[in-house]
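> Please find model31.cif (mmCIF, C-alpha atoms) on the next line:
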data_final
#
loop_
_atom_site.label_atom_id
_atom_site.label_comp_id
_atom_site.auth_asym_id
_atom_site.auth_seq_id
_atom_site.Cartn_x
_atom_site.Cartn_y
_atom_site.Cartn_z
CA MET A 13 42.74 183.95 -80.21
CA MET A 14 40.76 186.70 -78.48
CA MET A 15 42.90 186.38 -75.38
CA ASN A 16 46.10 186.61 -77.44
CA LYS A 17 44.82 189.79 -79.11
CA MET A 18 44.05 191.25 -75.68
CA VAL A 19 47.50 190.34 -74.39
CA VAL A 20 49.23 191.99 -77.34
CA ALA A 21 47.00 195.05 -77.06
CA ASN A 22 47.85 195.41 -73.36
CA LEU A 23 51.59 195.33 -74.08
CA VAL A 24 51.33 197.75 -77.03
CA HIS A 25 49.18 200.12 -74.97
CA ARG A 26 52.15 200.73 -72.63
CA PRO A 27 55.16 200.47 -74.98
CA ILE A 28 57.77 202.02 -72.66
CA ARG A 29 57.09 199.60 -69.83
CA SER A 30 57.00 196.67 -72.24
CA LEU A 31 60.26 197.83 -73.83
CA ILE A 32 61.97 198.07 -70.44
CA SER A 33 60.88 194.52 -69.61
CA ILE A 34 62.15 193.23 -72.95
CA VAL A 35 65.49 195.02 -72.51
CA ALA A 36 65.88 193.59 -69.00
CA ILE A 37 65.27 190.03 -70.20
CA ALA A 38 67.57 190.60 -73.19
CA LEU A 39 70.24 191.84 -70.77
CA GLU A 40 69.78 188.70 -68.69
CA VAL A 41 70.24 186.44 -71.73
CA THR A 42 73.15 188.47 -73.12
CA LEU A 43 74.93 188.44 -69.77
CA ILE A 44 74.68 184.66 -69.52
CA LEU A 45 75.73 183.95 -73.10
CA LEU A 46 78.67 186.36 -73.19
CA ILE A 47 80.19 185.65 -69.78
CA VAL A 48 79.64 181.90 -69.89
CA GLY A 49 80.80 181.88 -73.52
CA LEU A 50 83.94 183.79 -72.57
CA CYS A 51 84.78 181.31 -69.80
CA TYR A 52 84.28 178.30 -72.04
CA GLY A 53 86.06 180.06 -74.90
CA ILE A 54 89.21 180.60 -72.84
CA MET A 55 89.18 176.99 -71.65
CA ASN A 56 88.55 175.46 -75.08
CA ASP A 57 91.08 177.73 -76.78
CA SER A 58 93.77 176.59 -74.34
CA LYS A 59 92.71 172.98 -74.85
CA ASN A 60 92.89 173.26 -78.65
CA ARG A 61 96.29 174.92 -78.57
CA THR A 62 97.67 172.18 -76.31
CA ALA A 63 96.34 169.54 -78.69
CA GLY A 64 97.96 171.42 -81.57
CA ILE A 65 101.46 170.94 -80.15
CA GLY A 66 101.51 167.38 -81.45
CA ALA A 67 102.82 165.53 -78.38
CA ASP A 68 101.56 162.07 -77.38
CA VAL A 69 102.66 162.16 -73.73
CA ILE A 70 103.11 165.09 -71.34
CA VAL A 71 105.55 164.77 -68.42
CA GLN A 72 105.57 167.23 -65.53
CA PRO A 73 107.50 167.35 -62.25
CA PRO A 74 105.86 166.20 -58.99
CA GLY A 75 103.22 168.56 -57.62
CA SER A 76 102.76 170.42 -60.90
CA SER A 77 99.46 171.95 -61.91
CA PHE A 78 98.03 170.90 -65.25
CA LEU A 79 97.31 174.60 -65.89
CA ALA A 80 99.94 176.10 -68.16
CA GLY A 81 102.11 178.74 -66.53
CA ILE A 82 101.37 177.78 -62.93
CA SER A 83 104.26 175.38 -62.36
CA GLY A 84 107.34 177.50 -63.14
CA ALA A 85 110.52 175.63 -64.11
CA PRO A 86 111.34 173.24 -61.28
CA VAL A 87 113.36 170.37 -62.87
CA SER A 88 116.50 169.88 -64.92
CA VAL A 89 116.27 169.59 -68.68
CA LYS A 90 118.46 166.49 -68.30
CA VAL A 91 115.22 164.62 -67.69
CA ALA A 92 114.79 164.87 -71.46
CA GLU A 93 117.83 162.64 -71.95
CA VAL A 94 116.30 159.98 -69.70
CA LEU A 95 113.02 160.10 -71.60
CA LYS A 96 114.73 159.85 -74.99
CA LYS A 97 116.21 156.47 -74.06
CA MET A 98 112.80 154.89 -73.42
CA PRO A 99 111.20 152.55 -75.96
CA HIS A 100 108.88 154.11 -78.57
CA VAL A 101 110.06 157.68 -77.78
CA THR A 102 111.18 159.60 -80.87
CA VAL A 103 111.22 163.24 -79.71
CA VAL A 104 111.38 164.96 -76.32
CA SER A 105 110.97 168.72 -76.15
CA PRO A 106 111.62 170.57 -72.86
CA VAL A 107 109.54 173.72 -72.47
CA ILE A 108 109.28 176.46 -69.85
CA TRP A 109 105.83 177.83 -69.11
CA GLN A 110 106.05 181.35 -67.73
CA ILE A 111 102.93 183.26 -66.79
CA VAL A 112 102.91 187.03 -67.33
CA THR A 113 100.28 189.31 -65.76
CA GLY A 114 101.25 192.74 -67.02
CA GLY A 115 98.47 194.10 -69.24
CA GLY A 116 96.57 190.79 -69.02
CA VAL A 117 97.31 187.19 -68.14
CA GLU A 118 99.25 185.25 -70.76
CA VAL A 119 101.72 182.39 -70.93
CA ILE A 120 105.14 182.64 -72.59
CA ASP A 121 106.70 179.43 -73.90
CA GLY A 122 110.46 179.05 -73.76
CA ILE A 123 111.23 176.42 -76.39
CA ASP A 124 114.03 174.54 -78.04
CA ILE A 125 112.69 175.27 -81.49
CA ASN A 126 114.14 172.23 -83.25
CA SER A 127 112.68 169.65 -80.89
CA PHE A 128 109.42 171.62 -80.51
CA GLN A 129 108.84 171.66 -84.24
CA ALA A 130 109.67 167.96 -84.43
CA LEU A 131 106.61 167.23 -82.27
CA GLY A 132 103.96 168.35 -84.74
CA GLY A 133 105.83 169.58 -87.77
CA PRO A 134 107.41 172.95 -88.57
CA PHE A 135 105.71 176.19 -87.62
CA GLN A 136 103.57 177.62 -90.39
CA PHE A 137 105.17 181.03 -90.83
CA ILE A 138 102.90 183.76 -92.11
CA SER A 139 105.90 186.05 -92.33
CA GLY A 140 109.50 186.04 -91.16
CA GLY A 141 111.26 182.95 -89.85
CA SER A 142 112.81 181.19 -86.90
CA PHE A 143 114.94 182.64 -84.09
CA GLN A 144 118.12 184.27 -85.34
CA GLY A 145 119.47 185.13 -81.90
CA PRO A 146 118.75 184.97 -78.15
CA ASP A 147 116.66 188.16 -78.24
CA ASP A 148 114.29 187.00 -80.98
CA ALA A 149 110.68 186.00 -80.40
CA LEU A 150 107.87 184.38 -82.36
CA VAL A 151 104.25 185.51 -82.03
CA ASP A 152 101.10 184.04 -83.52
CA ASP A 153 98.85 185.82 -86.00
CA TYR A 154 96.28 186.76 -83.31
CA ILE A 155 98.91 188.59 -81.27
CA ALA A 156 100.24 190.29 -84.40
CA ARG A 157 96.77 191.48 -85.37
CA GLN A 158 95.71 192.69 -81.94
CA ARG A 159 99.01 194.36 -81.10
CA HIS A 160 99.51 195.68 -84.65
CA VAL A 161 103.06 194.32 -84.89
CA LYS A 162 105.05 192.90 -87.78
CA VAL A 163 108.34 191.12 -88.34
CA GLY A 164 111.24 193.31 -87.24
CA ASP A 165 109.25 195.21 -84.61
CA THR A 166 110.29 195.19 -80.96
CA MET A 167 108.09 193.79 -78.20
CA LYS A 168 108.55 193.87 -74.44
CA ILE A 169 108.43 190.42 -72.86
CA LEU A 170 109.29 190.07 -69.15
CA ASP A 171 110.72 193.61 -69.20
CA ARG A 172 113.15 192.70 -71.97
CA SER A 173 113.01 193.88 -75.56
CA PHE A 174 112.65 191.13 -78.15
CA ARG A 175 112.75 191.45 -81.91
CA ILE A 176 109.90 189.67 -83.65
CA SER A 177 111.62 187.30 -86.03
CA GLY A 178 108.49 185.52 -87.22
CA ILE A 179 104.69 185.46 -87.14
CA VAL A 180 103.21 181.96 -87.05
CA GLU A 181 99.74 180.48 -87.39
CA ASN A 182 97.95 180.21 -84.06
CA GLY A 183 97.11 176.89 -82.44
CA ARG A 184 100.38 175.46 -81.07
CA GLY A 185 100.94 176.01 -77.37
CA ALA A 186 101.42 179.62 -76.32
CA ARG A 187 100.97 182.75 -78.39
CA LYS A 188 104.49 184.01 -77.73
CA PHE A 189 107.67 181.94 -77.98
CA VAL A 190 111.22 182.80 -76.97
CA PRO A 191 114.39 180.65 -76.96
CA LEU A 192 114.50 178.21 -74.04
CA GLN A 193 117.87 179.36 -72.77
CA THR A 194 116.85 183.03 -72.93
CA LEU A 195 113.81 182.41 -70.76
CA GLN A 196 115.87 180.29 -68.38
CA ASP A 197 118.21 183.25 -67.90
CA LEU A 198 115.36 185.74 -67.48
CA ILE A 199 113.63 183.83 -64.67
CA GLY A 200 116.77 182.45 -63.03
CA ALA A 201 116.09 178.83 -63.97
CA ASN A 202 119.25 177.86 -65.85
CA GLY A 203 119.11 174.32 -67.17
CA LYS A 204 115.51 173.78 -66.03
CA ALA A 205 112.12 173.22 -67.63
CA SER A 206 108.43 173.14 -66.67
CA VAL A 207 107.19 170.34 -68.88
CA PHE A 208 108.43 167.75 -71.35
CA TYR A 209 106.42 167.04 -74.48
CA VAL A 210 107.04 163.52 -75.77
CA LYS A 211 106.41 162.26 -79.30
CA LEU A 212 106.13 158.51 -79.88
CA ASP A 213 106.59 156.24 -82.86
CA ASN A 214 102.93 155.32 -82.52
CA GLN A 215 100.25 157.04 -80.46
CA ALA A 216 98.87 153.61 -79.54
CA ASN A 217 101.95 153.10 -77.33
CA ALA A 218 101.13 156.12 -75.14
CA ASP A 219 99.76 154.18 -72.17
CA GLN A 220 102.73 151.83 -72.24
CA VAL A 221 105.19 154.74 -72.20
CA VAL A 222 103.30 156.43 -69.35
CA GLU A 223 103.71 153.30 -67.22
CA ALA A 224 107.39 153.01 -68.16
CA VAL A 225 108.11 156.61 -67.12
CA LYS A 226 106.36 156.15 -63.78
CA LYS A 227 108.53 153.08 -63.09
CA GLN A 228 111.74 154.93 -63.94
CA PRO A 229 113.86 155.32 -60.78
CA GLY A 230 113.55 158.88 -59.46
CA MET A 231 110.45 159.64 -61.55
CA GLU A 232 107.84 157.70 -59.59
CA GLN A 233 106.16 160.90 -58.36
CA TYR A 234 106.21 162.71 -61.71
CA SER A 235 102.91 163.68 -63.31
CA VAL A 236 102.81 161.65 -66.52
CA ARG A 237 99.73 161.61 -68.74
CA THR A 238 98.84 160.86 -72.30
CA THR A 239 97.84 164.00 -74.15
CA GLN A 240 94.28 162.70 -74.38
CA ASP A 241 94.12 162.25 -70.60
CA TYR A 242 95.64 165.69 -70.11
CA LEU A 243 93.07 167.33 -72.37
CA SER A 244 90.23 165.46 -70.67
CA MET A 245 91.18 167.22 -67.42
CA MET A 246 90.51 170.61 -68.94
CA THR A 247 86.85 170.68 -67.91
CA PRO A 248 84.83 173.11 -65.77
CA SER A 249 84.96 170.74 -62.79
CA ASN A 250 88.77 170.76 -62.79
CA LEU A 251 89.23 174.51 -63.13
CA PRO A 252 89.34 176.29 -59.74
CA GLY A 253 86.34 178.55 -59.23
CA PHE A 254 84.85 177.91 -62.68
CA ARG A 255 81.53 176.41 -61.63
CA PRO A 256 80.93 178.83 -58.71
CA PHE A 257 81.59 181.76 -61.04
CA ILE A 258 79.12 180.45 -63.62
CA GLY A 259 76.60 179.91 -60.82
CA VAL A 260 76.99 183.50 -59.64
CA VAL A 261 76.52 184.84 -63.19
CA ILE A 262 73.35 182.81 -63.66
CA GLY A 263 72.06 183.78 -60.20
CA VAL A 264 72.56 187.50 -60.86
CA SER A 265 70.90 187.16 -64.26
CA VAL A 266 67.85 185.41 -62.78
CA ILE A 267 67.52 188.10 -60.11
CA ILE A 268 67.61 190.84 -62.76
CA GLY A 269 64.90 189.13 -64.80
CA PHE A 270 62.78 188.35 -61.73
CA LEU A 271 62.84 191.89 -60.31
CA VAL A 272 62.14 193.67 -63.59
CA ILE A 273 59.30 191.33 -64.60
CA PHE A 274 57.86 191.48 -61.08
CA GLN A 275 57.88 195.26 -61.11
CA ALA A 276 56.46 195.51 -64.64
CA ILE A 277 53.68 192.95 -64.22
CA TYR A 278 52.76 194.07 -60.73
CA THR A 279 52.46 197.67 -61.90
CA ALA A 280 50.39 196.53 -64.89
CA VAL A 281 48.03 194.64 -62.59
CA MET A 282 47.60 197.64 -60.30
CA GLU A 283 46.94 199.93 -63.25
CA ARG A 284 44.38 197.54 -64.74
CA THR A 285 42.37 196.95 -61.59
CA ARG A 286 39.21 198.29 -63.20
CA GLU A 287 39.79 196.30 -66.39
CA ILE A 288 40.22 193.11 -64.37
CA GLY A 289 36.98 193.92 -62.55
CA ILE A 290 35.16 194.24 -65.88
CA LEU A 291 36.55 190.90 -67.05
CA LYS A 292 35.51 189.17 -63.84
CA SER A 293 32.04 190.76 -63.94
CA LEU A 294 31.67 189.32 -67.46
CA GLY A 295 32.39 185.87 -66.10
CA ALA A 296 36.18 185.59 -66.39
CA SER A 297 37.47 182.99 -63.95
CA LYS A 298 40.57 183.22 -61.79
CA VAL A 299 42.29 180.78 -64.13
CA TYR A 300 41.44 183.04 -67.10
CA ILE A 301 42.96 186.10 -65.36
CA VAL A 302 46.13 184.20 -64.34
CA ASN A 303 46.40 182.78 -67.85
CA ALA A 304 46.23 186.27 -69.38
CA ILE A 305 48.92 187.64 -67.04
CA LEU A 306 51.25 184.68 -67.65
CA ARG A 307 50.75 184.96 -71.41
CA GLU A 308 51.86 188.60 -71.26
CA THR A 309 54.91 187.54 -69.31
CA LEU A 310 55.72 184.71 -71.72
CA LEU A 311 55.43 187.03 -74.71
CA LEU A 312 57.76 189.56 -73.09
CA ALA A 313 60.20 186.76 -72.26
CA ILE A 314 60.20 185.35 -75.80
CA VAL A 315 60.82 188.75 -77.39
CA GLY A 316 63.52 189.48 -74.79
CA ILE A 317 65.21 186.13 -75.46
CA VAL A 318 65.27 186.71 -79.22
CA VAL A 319 66.71 190.20 -78.72
CA GLY A 320 69.25 188.91 -76.17
CA VAL A 321 70.49 186.11 -78.41
CA GLY A 322 70.80 188.50 -81.35
CA VAL A 323 72.70 191.08 -79.30
CA SER A 324 75.06 188.44 -77.88
CA LEU A 325 75.85 187.08 -81.36
CA MET A 326 76.56 190.56 -82.71
CA ALA A 327 78.60 191.40 -79.61
CA ARG A 328 80.63 188.22 -80.06
CA ILE A 329 81.47 189.15 -83.65
CA GLY A 330 82.39 192.69 -82.65
CA ILE A 331 84.51 191.64 -79.68
CA GLN A 332 86.46 189.04 -81.62
CA HIS A 333 87.04 191.46 -84.47
CA ARG A 334 88.35 194.12 -82.09
CA TRP A 335 90.19 191.74 -79.73
CA PRO A 336 91.21 188.57 -81.64
CA LEU A 337 92.66 186.98 -78.49
CA VAL A 338 89.23 186.93 -76.84
CA HIS A 339 87.40 183.72 -77.67
CA ILE A 340 83.69 183.42 -76.94
CA ASP A 341 82.01 180.05 -77.42
CA GLN A 342 78.24 180.12 -77.86
CA SER A 343 76.75 176.65 -78.14
CA ASN A 344 73.14 175.83 -78.90
CA GLY A 345 72.98 174.14 -75.53
CA TRP A 346 73.77 177.33 -73.66
CA ILE A 347 71.39 179.36 -75.84
CA LEU A 348 68.61 176.98 -74.85
CA ALA A 349 69.75 177.08 -71.22
CA ALA A 350 69.76 180.89 -71.19
CA ALA A 351 66.28 180.92 -72.74
CA ALA A 352 64.99 178.49 -70.12
CA ILE A 353 66.56 180.51 -67.29
CA ALA A 354 65.00 183.72 -68.62
CA ILE A 355 61.55 182.13 -68.89
CA VAL A 356 61.79 180.69 -65.37
CA GLY A 357 62.92 184.02 -63.93
CA ALA A 358 60.19 185.92 -65.74
CA THR A 359 57.51 183.42 -64.72
CA LEU A 360 58.54 183.58 -61.07
CA GLY A 361 58.34 187.36 -61.27
CA ALA A 362 54.78 187.18 -62.62
CA VAL A 363 53.37 184.60 -60.20
CA TYR A 364 52.51 186.98 -57.35
CA PRO A 365 51.06 189.76 -59.56
CA ALA A 366 48.94 187.14 -61.36
CA TYR A 367 47.73 185.79 -58.01
CA LYS A 368 46.83 189.31 -56.84
CA ALA A 369 44.91 189.95 -60.06
CA ALA A 370 42.95 186.72 -59.70
CA GLN A 371 41.97 187.54 -56.12
CA LYS A 372 40.44 190.93 -56.89
CA ASP A 373 36.79 191.28 -56.02
CA PRO A 374 34.88 192.40 -59.15
CA ILE A 375 32.70 194.89 -57.21
CA ASP A 376 35.71 196.53 -55.51
CA ALA A 377 37.60 196.50 -58.81
CA LEU A 378 34.77 198.22 -60.67
CA ALA A 379 34.60 200.90 -57.97
CA TYR A 380 38.38 201.44 -58.15
CA GLU A 381 39.53 204.83 -59.49
#
Starting from the coordinates I provided, produce the structure as structure tokens.


Amino acid sequence: MMMNKMVVANLVHRPIRSLISIVAIALEVTLILLIVGLCYGIMNDSKNRTAGIGADVIVQPPGSSFLAGISGAPVSVKVAEVLKKMPHVTVVSPVIWQIVTGGGVEVIDGIDINSFQALGGPFQFISGGSFQGPDDALVDDYIARQRHVKVGDTMKILDRSFRISGIVENGRGARKFVPLQTLQDLIGANGKASVFYVKLDNQANADQVVEAVKKQPGMEQYSVRTTQDYLSMMTPSNLPGFRPFIGVVIGVSVIIGFLVIFQAIYTAVMERTREIGILKSLGASKVYIVNAILRETLLLAIVGIVVGVGVSLMARIGIQHRWPLVHIDQSNGWILAAAAIAIVGATLGAVYPAYKAAQKDPIDALAYE
């Protein structure tokens, strides 16, 4: 108890330095939670929207990436007619994925609206309705809120003006939809598609249909997966550069925490040379001195972690209110991981200063001015 009072008194005695240390650790935790949460949020949002389409099997041409928008439109939509003739198949919907990078990366879906809605039921329209012409587009409620658009407004998509005919609930594929034939014309892919979503009479027949498609003459090299298998691929290990990026973020965060704690604790030790000499002359052991220094560090780390978690949660709410398209996932697992990383970084930063404090000779320390 006496040591804890001394530790708190030491930190309160120099509030600016303690505050800087707390802010640095909070920055470390916030950086990890927001950036990692953003990465996982983007991945999980895409995963959930793919699941929301309602297909049981996903068929892609040979060599296609499972990432939406990467594959272009390389095969004829006539493949849909072949798939429709297979046992257990009730609906086949050809779709073009087209990636757009202007003003941010997003994927546009070119759809045959009747077959697309047959996969998982009709769109839930918040306002407006279906396509009325080739220059109509549908957007989800997140796009409408962030871009401040409503039914009847005009929106530029692939350098072409589209009238917004309807605003739909989010969660089904892309966030912007245009007629399939219109997108085919825009990208010079007449009669072609990127992917075929297949609906079955019973989801239990998915594996059987996958095998049947792969045995179909001319389709042996096609990428055919059940939707569950497709979604299982959307993990950090399958996303190019995901894990290295997370590693870099964590590494930078640890370095920030290490350097700031090292500087703060080392300076505190140097400033308290005489105090340490008094403690040692009164019989304080090396273990006692190291224990006191590490307790200071742990207290700073705990306060910094609490502040960092609070700031990241408030930042998440603010970001998603201002930019609805930005999804940030913050799991308890990553909060605990960020806390552990911050404590490890802070402890490493305090080890050398604590060692230096324990090695001080009490006579030299008492003579120190």

> What does the PyMOL selection byres ((chain A and resi 351) around 12) select in this file, as JSON, numbers by chain?

{"A": [37, 38, 39, 40, 41, 42, 43, 44, 45, 262, 265, 266, 269, 310, 313, 314, 315, 316, 317, 318, 319, 320, 321, 344, 345, 346, 347, 348, 349, 350, 352, 353, 354, 355, 356, 357, 358]}

> So how many Å separate atom CA of A:Asp121 and atom CA of A:Pro191, to one decimal?

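One can read the atom CA of A:Asp121 to atom CA of A:Pro191 distance as 8.4 Å.
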
> Quick one: distance from atom CA of A:Leu243 to atom CA of A:Lys59 in Å, one decimal?

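Calculated distance between atom CA of A:Leu243 and atom CA of A:Lys59 is 6.2 Å.
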
> Which residue gives the smallest distance to A:Phe189 among A:Gly122, A:Gly164, A:Gly145, A:Gly230, with only C-alpha atoms counted?

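For A:Phe189, the nearest of the candidates is A:Gly122.
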
> Run the PyMOL selection byres ((chain A and resi 73) around 6) mentally over the shown coordinates, then write out the matched residues as a ChimeraX atom specification, using the chain letters and numbers from the document.

/A:72,74,76,234-235

> Please measure the separation of atom CA of A:Val69 and atom CA of A:Phe208, giving the value in Å to one decimal.

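For atom CA of A:Val69 relative to atom CA of A:Phe208, the distance reads 8.4 Å.
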
> For A:Asp68, find every residue with an atom within 8 Å (counting only C-alpha atoms), except residues of its own chain fewer than 2 positions away, and show them as a PyMOL selection string.

chain A and resi 66+70+209-212+215+218+238-240

> From the list A:Asn202, A:Phe135, A:Pro106, A:Ser33, which residue is nearest A:Ala362 when using all atoms listed in the file?

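Using all atoms listed in the file, the shortest distance to A:Ala362 belongs to A:Ser33.
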
> Decode the PyMOL selection byres ((chain A and resi 132) around 10) for the given file into explicit residues and return them as a list in words.

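What the PyMOL selection byres ((chain A and resi 132) around 10) grabs from the file is Ala63, Gly64, Ile65, Gly66, Ala67, Asp68, Ser127, Phe128, Gln129, Ala130, Leu131, Gly133, Pro134, Phe135, Arg184 and Lys211 of chain A.
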
> Just C-alpha atoms for this one: save the residues we selected as a short mmCIF file (atom, residue, chain, number, x, y, z; two decimals), in the frame of the given file.


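Printed below is part_39.cif as written:
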data_model
loop_
_atom_site.label_atom_id
_atom_site.label_comp_id
_atom_site.auth_asym_id
_atom_site.auth_seq_id
_atom_site.Cartn_x
_atom_site.Cartn_y
_atom_site.Cartn_z
CA ALA A 63 96.34 169.54 -78.69
CA GLY A 64 97.96 171.42 -81.57
CA ILE A 65 101.46 170.94 -80.15
CA GLY A 66 101.51 167.38 -81.45
CA ALA A 67 102.82 165.53 -78.38
CA ASP A 68 101.56 162.07 -77.38
CA SER A 127 112.68 169.65 -80.89
CA PHE A 128 109.42 171.62 -80.51
CA GLN A 129 108.84 171.66 -84.24
CA ALA A 130 109.67 167.96 -84.43
CA LEU A 131 106.61 167.23 -82.27
CA GLY A 133 105.83 169.58 -87.77
CA PRO A 134 107.41 172.95 -88.57
CA PHE A 135 105.71 176.19 -87.62
CA ARG A 184 100.38 175.46 -81.07
CA LYS A 211 106.41 162.26 -79.30
#

> Which polymer residues have any atom within 9 Å of an atom of stretch 156-160 of chain A, counting only C-alpha atoms, with same-chain residues fewer than 4 positions away left out, as a list in words?

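So the residues in contact are Val151, Asp152, Ile179, Arg334, Trp335, Pro336 and Leu337 of chain A.
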
> Counting all atoms listed in the file, which of A:Leu271, A:His339, A:Tyr364, A:Asp165 gets nearest to A:Val48?

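Of A:Leu271, A:His339, A:Tyr364, A:Asp165, the one nearest A:Val48 is A:His339, counting all atoms listed in the file.
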
> How would you write as a JSON list (two decimals) with C-alpha atoms, in the coordinates of the input the residues that get within 12 Å of (120.0, 166.8, -65.8) in the file's frame, counting only C-alpha atoms?


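Contents of the output file result02.json:
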[["chain", "number", "residue", "atom", "x", "y", "z"],
["A", 86, "PRO", "CA", 111.34, 173.24, -61.28],
["A", 87, "VAL", "CA", 113.36, 170.37, -62.87],
["A", 88, "SER", "CA", 116.50, 169.88, -64.92],
["A", 89, "VAL", "CA", 116.27, 169.59, -68.68],
["A", 90, "LYS", "CA", 118.46, 166.49, -68.30],
["A", 91, "VAL", "CA", 115.22, 164.62, -67.69],
["A", 92, "ALA", "CA", 114.79, 164.87, -71.46],
["A", 93, "GLU", "CA", 117.83, 162.64, -71.95],
["A", 94, "VAL", "CA", 116.30, 159.98, -69.70],
["A", 95, "LEU", "CA", 113.02, 160.10, -71.60],
["A", 106, "PRO", "CA", 111.62, 170.57, -72.86],
["A", 202, "ASN", "CA", 119.25, 177.86, -65.85],
["A", 203, "GLY", "CA", 119.11, 174.32, -67.17],
["A", 204, "LYS", "CA", 115.51, 173.78, -66.03],
["A", 205, "ALA", "CA", 112.12, 173.22, -67.63]]

> Just checking: using only C-alpha atoms, which residue out of A:Arg175, A:Leu325, A:Val264, A:Phe254 ends up closest to A:Ser343?

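Smallest distance to A:Ser343 is found for A:Leu325.
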
> Using only C-alpha atoms, pick whichever of A:Ser30, A:Ser244, A:Gln228, A:Gln144 has the shortest atom-to-atom distance to A:Asn60.

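Smallest separation from A:Asn60 among the options: A:Ser244.
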
> Which is closer to A:Ala296 than all the others in A:Val71, A:Val103, A:Ala370, A:Ala149, using all atoms listed in the file?

A:Ala370

> Please provide as a PDB file with C-alpha atoms, in the frame of the given file all residues within 8 Å of A:Pro365, with the sequence filter that same-chain residues fewer than 2 positions apart are discarded (counting all atoms listed in the file).


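The new file result.pdb reads:
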ATOM      1  CA  PHE A 274      57.860 191.480 -61.080  1.00  0.00           C
ATOM      2  CA  ILE A 277      53.680 192.950 -64.220  1.00  0.00           C
ATOM      3  CA  TYR A 278      52.760 194.070 -60.730  1.00  0.00           C
ATOM      4  CA  VAL A 281      48.030 194.640 -62.590  1.00  0.00           C
ATOM      5  CA  GLY A 361      58.340 187.360 -61.270  1.00  0.00           C
ATOM      6  CA  ALA A 362      54.780 187.180 -62.620  1.00  0.00           C
ATOM      7  CA  VAL A 363      53.370 184.600 -60.200  1.00  0.00           C
ATOM      8  CA  TYR A 367      47.730 185.790 -58.010  1.00  0.00           C
ATOM      9  CA  LYS A 368      46.830 189.310 -56.840  1.00  0.00           C
ATOM     10  CA  ALA A 369      44.910 189.950 -60.060  1.00  0.00           C
TER      11      ALA A 369
END
